[in-house]
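Pasting input.cif here (mmCIF, C-alpha atoms):
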data_input
loop_
_atom_site.label_atom_id
_atom_site.label_comp_id
_atom_site.auth_asym_id
_atom_site.auth_seq_id
_atom_site.Cartn_x
_atom_site.Cartn_y
_atom_site.Cartn_z
CA MET E 194 15.17 6.39 -4.04
CA TRP E 195 12.16 5.80 -1.92
CA THR E 196 10.89 6.84 1.45
CA TYR E 197 8.33 4.78 3.28
CA ASP E 198 5.41 5.70 5.45
CA LYS E 199 4.82 4.03 8.74
CA LYS E 200 1.41 2.84 7.69
CA LEU E 201 -0.30 0.03 5.84
CA GLN E 202 -1.87 0.67 2.45
CA TYR E 203 -5.22 -0.27 3.96
CA PRO E 204 -6.26 -1.66 7.33
CA VAL E 205 -6.00 -5.37 8.01
CA ASN E 206 -8.41 -6.95 10.48
CA ILE E 207 -8.42 -10.72 10.27
CA LYS E 208 -11.41 -12.35 11.89
CA ASN E 209 -11.01 -15.99 10.89
CA PRO E 210 -7.59 -17.53 10.35
CA ASN E 211 -7.36 -19.87 7.39
CA PRO E 212 -4.06 -21.76 6.97
CA LYS E 213 -4.97 -23.07 3.52
CA LEU E 214 -5.43 -19.59 2.19
CA ALA E 215 -2.28 -18.42 3.89
CA LYS E 216 -0.37 -21.13 2.06
CA LEU E 217 -1.81 -20.02 -1.25
CA ILE E 218 -1.01 -16.41 -0.54
CA ILE E 219 2.61 -17.10 0.22
CA THR E 220 3.00 -18.77 -3.16
CA GLN E 221 1.72 -15.57 -4.76
CA PHE E 222 4.29 -13.61 -2.86
CA GLY E 223 7.48 -15.58 -3.36
CA GLY E 224 6.64 -18.48 -5.62
CA PRO E 225 7.15 -18.71 -9.38
CA ASP E 226 5.51 -15.68 -11.00
CA GLY E 227 5.26 -14.26 -7.50
CA GLU E 228 4.92 -10.58 -6.65
CA LEU E 229 8.43 -10.31 -5.32
CA GLY E 230 9.96 -11.66 -8.51
CA ALA E 231 7.77 -9.46 -10.67
CA ALA E 232 8.68 -6.36 -8.67
CA MET E 233 12.39 -7.08 -9.06
CA ARG E 234 11.97 -7.62 -12.80
CA TYR E 235 10.10 -4.36 -13.31
CA LEU E 236 12.61 -2.41 -11.27
CA SER E 237 15.47 -3.91 -13.24
CA GLN E 238 13.91 -3.61 -16.68
CA ARG E 239 12.99 0.07 -16.37
CA TYR E 240 16.60 1.06 -17.01
CA SER E 241 16.44 -0.18 -20.58
CA MET E 242 13.08 1.35 -21.51
CA PRO E 243 13.14 3.68 -24.52
CA TYR E 244 10.17 5.79 -23.37
CA ASN E 245 9.73 7.84 -20.20
CA GLU E 246 6.16 6.59 -19.81
CA ALA E 247 7.44 3.02 -19.72
CA ILE E 248 10.09 3.91 -17.15
CA GLY E 249 7.47 5.59 -15.02
CA ILE E 250 4.98 2.77 -15.10
CA LEU E 251 7.59 0.09 -14.45
CA THR E 252 8.91 2.05 -11.48
CA ASP E 253 5.49 2.76 -10.01
CA ILE E 254 4.13 -0.73 -10.55
CA GLY E 255 7.39 -2.31 -9.44
CA ILE E 256 7.28 -0.48 -6.16
CA GLY E 257 3.51 -0.94 -6.04
CA ASP E 258 4.09 -4.68 -6.22
CA TYR E 259 6.33 -4.25 -3.21
CA PHE E 260 3.39 -2.58 -1.45
CA TRP E 261 1.14 -5.51 -2.10
CA ALA E 262 3.83 -8.11 -1.59
CA PHE E 263 4.79 -6.68 1.78
CA HIS E 264 1.20 -6.09 2.72
CA ARG E 265 0.44 -9.68 1.96
CA LYS E 266 3.54 -10.90 3.73
CA VAL E 267 2.68 -8.79 6.72
CA THR E 268 -0.85 -10.11 6.76
CA LYS E 269 0.30 -13.69 6.49
CA LYS E 270 2.98 -13.33 9.10
CA ARG E 271 0.80 -11.65 11.64
CA TYR E 272 -2.19 -13.89 11.32
CA GLU E 273 -0.74 -17.33 10.51
CA GLY E 274 -3.81 -18.21 8.51
CA ILE E 275 -5.90 -15.77 6.63
CA PHE E 276 -9.53 -15.90 5.70
CA SER E 277 -10.69 -12.39 5.22
CA TYR E 278 -8.20 -10.71 2.95
CA ARG E 279 -8.38 -7.88 0.52
CA PHE E 280 -6.10 -7.90 -2.44
CA CYS E 281 -5.97 -5.68 -5.44
CA ARG E 282 -3.55 -6.10 -8.26
CA TYR E 283 -1.91 -2.95 -9.50
CA SER E 284 -1.82 -2.97 -13.24
CA SER E 285 -2.70 -0.64 -16.02
CA PHE E 286 -5.59 -2.92 -16.92
CA LEU E 287 -7.34 -3.14 -13.60
CA SER E 288 -8.76 -0.33 -11.54
CA ALA E 289 -7.52 -1.26 -8.11
CA SER E 290 -9.36 1.60 -6.47
CA THR E 291 -12.70 0.43 -7.87
CA MET E 292 -12.14 -3.06 -6.59
CA ASP E 293 -11.15 -1.66 -3.25
CA LEU E 294 -14.28 0.40 -2.95
CA ILE E 295 -16.61 -2.48 -3.70
CA SER E 296 -16.07 -4.13 -0.38
CA ASN E 297 -13.48 -4.41 2.31
CA ARG E 298 -14.28 -8.01 3.10
CA ILE E 299 -14.13 -9.65 -0.30
CA CYS E 300 -11.23 -11.97 -0.84
CA LEU E 301 -9.78 -11.37 -4.26
CA ILE E 302 -6.77 -13.12 -5.61
CA ALA E 303 -5.48 -12.38 -9.08
CA PRO E 304 -2.50 -14.20 -10.50
CA SER E 305 0.56 -12.16 -11.26
CA SER E 306 1.02 -11.19 -14.86
CA ILE E 307 4.37 -11.09 -16.47
CA ILE E 308 5.37 -8.50 -19.00
CA MET U 268 -11.95 6.98 22.30
CA SER U 269 -8.57 8.23 21.19
CA ASP U 270 -8.14 4.91 19.45
CA ASN U 271 -11.16 5.55 17.28
CA ARG U 272 -9.89 8.96 16.35
CA ARG U 273 -6.51 7.54 15.48
CA GLU U 274 -8.08 4.80 13.37
CA SER U 275 -10.37 7.15 11.51
CA LEU U 276 -7.55 9.60 10.78
CA MET U 277 -5.35 6.77 9.57
CA ARG U 278 -8.19 5.54 7.39
CA LYS U 279 -8.42 8.99 5.83
CA ILE U 280 -4.71 9.06 5.11
CA GLN U 281 -4.81 5.60 3.59
CA THR U 282 -7.75 6.50 1.38
CA TYR U 283 -6.21 9.69 0.02
CA ALA U 284 -2.79 8.14 -0.43
CA PHE U 285 -4.35 5.27 -2.34
CA THR U 286 -6.26 7.70 -4.57
CA ALA U 287 -3.14 9.74 -5.25
CA HIS U 288 -1.13 6.65 -6.10
CA GLU U 289 -3.86 5.35 -8.36
CA CYS U 290 -3.91 8.67 -10.23
CA ALA U 291 -0.14 8.55 -10.51
CA LEU U 292 -0.27 5.17 -12.21
CA TYR U 293 -2.80 6.49 -14.70
CA LEU U 294 -0.87 9.68 -15.31
CA ASP U 295 2.30 7.74 -16.10
CA CYS U 296 0.74 6.78 -19.43
CA HIS U 297 -1.56 9.77 -19.84
CA PRO U 298 0.61 12.66 -18.67
CA ASN U 299 -1.58 15.45 -20.03
CA ASN U 300 -4.96 14.42 -18.69
CA LYS U 301 -6.27 17.48 -16.85
CA GLN U 302 -8.93 15.61 -14.88
CA ALA U 303 -6.47 13.09 -13.54
CA LEU U 304 -4.02 15.84 -12.65
CA ALA U 305 -6.71 17.70 -10.74
CA LYS U 306 -7.82 14.55 -8.92
CA HIS U 307 -4.24 13.79 -7.97
CA ALA U 308 -3.65 17.31 -6.65
CA GLN U 309 -6.82 17.18 -4.61
CA ALA U 310 -6.01 13.79 -3.12
CA VAL U 311 -2.51 14.94 -2.17
CA LYS U 312 -3.86 18.10 -0.55
CA MET U 313 -6.40 16.18 1.54
CA MET U 314 -3.79 13.60 2.44
CA ASN U 315 -1.31 16.22 3.64
CA GLU U 316 -3.94 17.79 5.87
CA ALA U 317 -4.81 14.45 7.41
CA VAL U 318 -1.12 13.55 7.82
CA GLU U 319 -0.47 16.83 9.60
CA GLN U 320 -3.28 16.12 12.04
CA TYR U 321 -2.18 12.55 12.61
CA GLU U 322 1.48 13.37 13.14
CA GLY U 323 0.62 16.13 15.56
CA MET U 324 -1.22 13.67 17.78
CA TYR U 325 0.33 10.28 17.23
CA GLY U 326 3.86 10.72 16.07
CA PRO U 327 5.83 10.65 12.84
CA LEU U 328 4.86 8.75 9.73
CA THR U 329 8.16 9.12 7.89
CA VAL U 330 11.76 9.20 9.07
CA PHE U 331 12.02 12.81 7.99
CA ASP U 332 9.35 13.87 10.43
CA ALA U 333 10.92 11.86 13.21
CA GLY U 334 13.58 13.09 15.59
CA GLY U 335 13.64 16.04 17.90
CA ASN U 336 14.23 15.29 21.53
CA ASP U 337 14.26 11.53 21.18
CA TRP U 338 14.08 8.97 18.43
CA ASN U 339 10.42 8.14 18.84
CA TRP U 340 10.43 6.56 15.41
CA VAL U 341 11.28 3.13 16.80
CA LYS U 342 8.97 3.49 19.75
CA GLY U 343 5.33 2.75 19.45
CA GLN U 344 3.46 0.48 17.12
CA TRP U 345 4.64 -0.65 13.75
CA PRO U 346 1.92 -0.98 11.14
CA TRP U 347 1.72 -4.76 11.23
CA GLN U 348 1.45 -4.96 15.00
CA ASN U 349 -1.93 -5.22 16.56
CA LYS U 350 -3.06 -3.49 19.69
CA GLU U 351 -2.77 -6.76 21.56
CA ASP U 352 0.97 -7.05 20.87
#
Could I get this file's structure written as structure tokens?
Amino acid sequence: MWTYDKKLQYPVNIKNPNPKLAKLIITQFGGPDGELGAAMRYLSQRYSMPYNEAIGILTDIGIGDYFWAFHRKVTKKRYEGIFSYRFCRYSSFLSASTMDLISNRICLIAPSSII
Amino acid sequence: MSDNRRESLMRKIQTYAFTAHECALYLDCHPNNKQALAKHAQAVKMMNEAVEQYEGMYGPLTVFDAGGNDWNWVKGQWPWQNKED
């Protein structure tokens, strides 16, 4: 259903490793209420949506969560500890692009939300 | 030098792809918004131009553009690898 591009969503250039932050990030990826779990839920629940808009948003956010989950996983894996890390949460309530434009060095962590 | 060019082209692609995807998320719930549709179309157009340039110089970005004489898809850097790897 999907193709992938051989590129990151945005560049990652870690200057200062930070193991504490890396630990926190990995809990956001795979832990309870983690991105991975949320993505799987969205991608499973879209099949029972009564409206096309709902199907669309669950699909796009579900796979979007994979973007961020993998991006985060990639960042963590490559750099052991992470200090400088950009994170935007895809949701219909938050403008990820605005947050992204503000700075490329701000560390932003938002907890996963569950529908 | 070529590294800078590669980075700046990739940056362009990432920016336009991000914009297009952001518009797509919005359009999922507002399918008839003309402004968003126009923004999406523009972002896709700019992205395709940048992708064409990048792929011409640095190799394929998707499996469908790979192939030819040899399978250069697996050769070269993967996105999470740094130049030092």
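Distances from U:Asp270, U:Trp345, U:Tyr325, U:Asn300 to chain E were compared using all atoms listed in the file, and the smallest one belongs to U:Trp345.
Take the candidates U:Ala291, U:Leu328, U:Ala333, U:Leu276 and check each one against chain E using all atoms listed in the file; the shortest distance goes to U:Leu328.
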Practice problem: Go ahead and compute the interatomic distance for atom CA of Ala310 of chain U and atom CA of Phe285 of chain U, in Å to one decimal. | Solution: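 According to the coordinates, atom CA of Ala310 of chain U and atom CA of Phe285 of chain U are separated by 8.7 Å.
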Quiz item: On this structure, which residues satisfy the PyMOL selection byres ((chain E and resi 231-246) around 6), written as a list in words?
Solution: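 Applying the PyMOL selection byres ((chain E and resi 231-246) around 6) to the structure shown produces Glu228, Leu229, Gly230, Ala247, Ile248, Gly249, Leu251, Thr252, Gly255 and Asp258 of chain E; Asp295 and Cys296 of chain U.
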Practice problem: Return the neighbours of chain E among the residues of chain U, cut-off 9 Å, counting only C-alpha atoms, as a list in words. | Solution: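 My answer is Met277, Arg278, Gln281, Thr282, Ala284, Phe285, Thr286, His288, Glu289, Ala291, Leu292, Tyr293, Leu294, Asp295, Cys296, His297, Pro298, Pro327, Leu328, Thr329, Val330, Phe331, Trp345, Pro346, Trp347, Gln348 and Asn349 of chain U.
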Quiz item: Which value, in Å to one decimal, gives the distance between atom CA of Lys279 of chain U and atom CA of Ala317 of chain U?
Solution: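 These atoms are spaced 6.7 Å apart.
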Quiz item: Do you have the atom CA of Met314 of chain U-atom CA of Gly326 of chain U distance handy?
Solution: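 Spanning atom CA of Met314 of chain U to atom CA of Gly326 of chain U is a straight-line distance of 15.9 Å.
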What are the centre and edge lengths in Å, to one decimal, of the axis-aligned box around all listed atoms of segment 287-306 of chain U with 5 Å added on each side, as JSON?
{"center_x": -3.3, "center_y": 11.4, "center_z": -12.6, "size_x": 21.2, "size_y": 22.5, "size_z": 24.8}
Quiz item: So which one's closest to Tyr283 of chain U, U:Gln320, U:Gln344, U:Asn336, U:Asn315? Using only C-alpha atoms, please.
Solution: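 Distance minimum relative to Tyr283 of chain U lands on U:Asn315.
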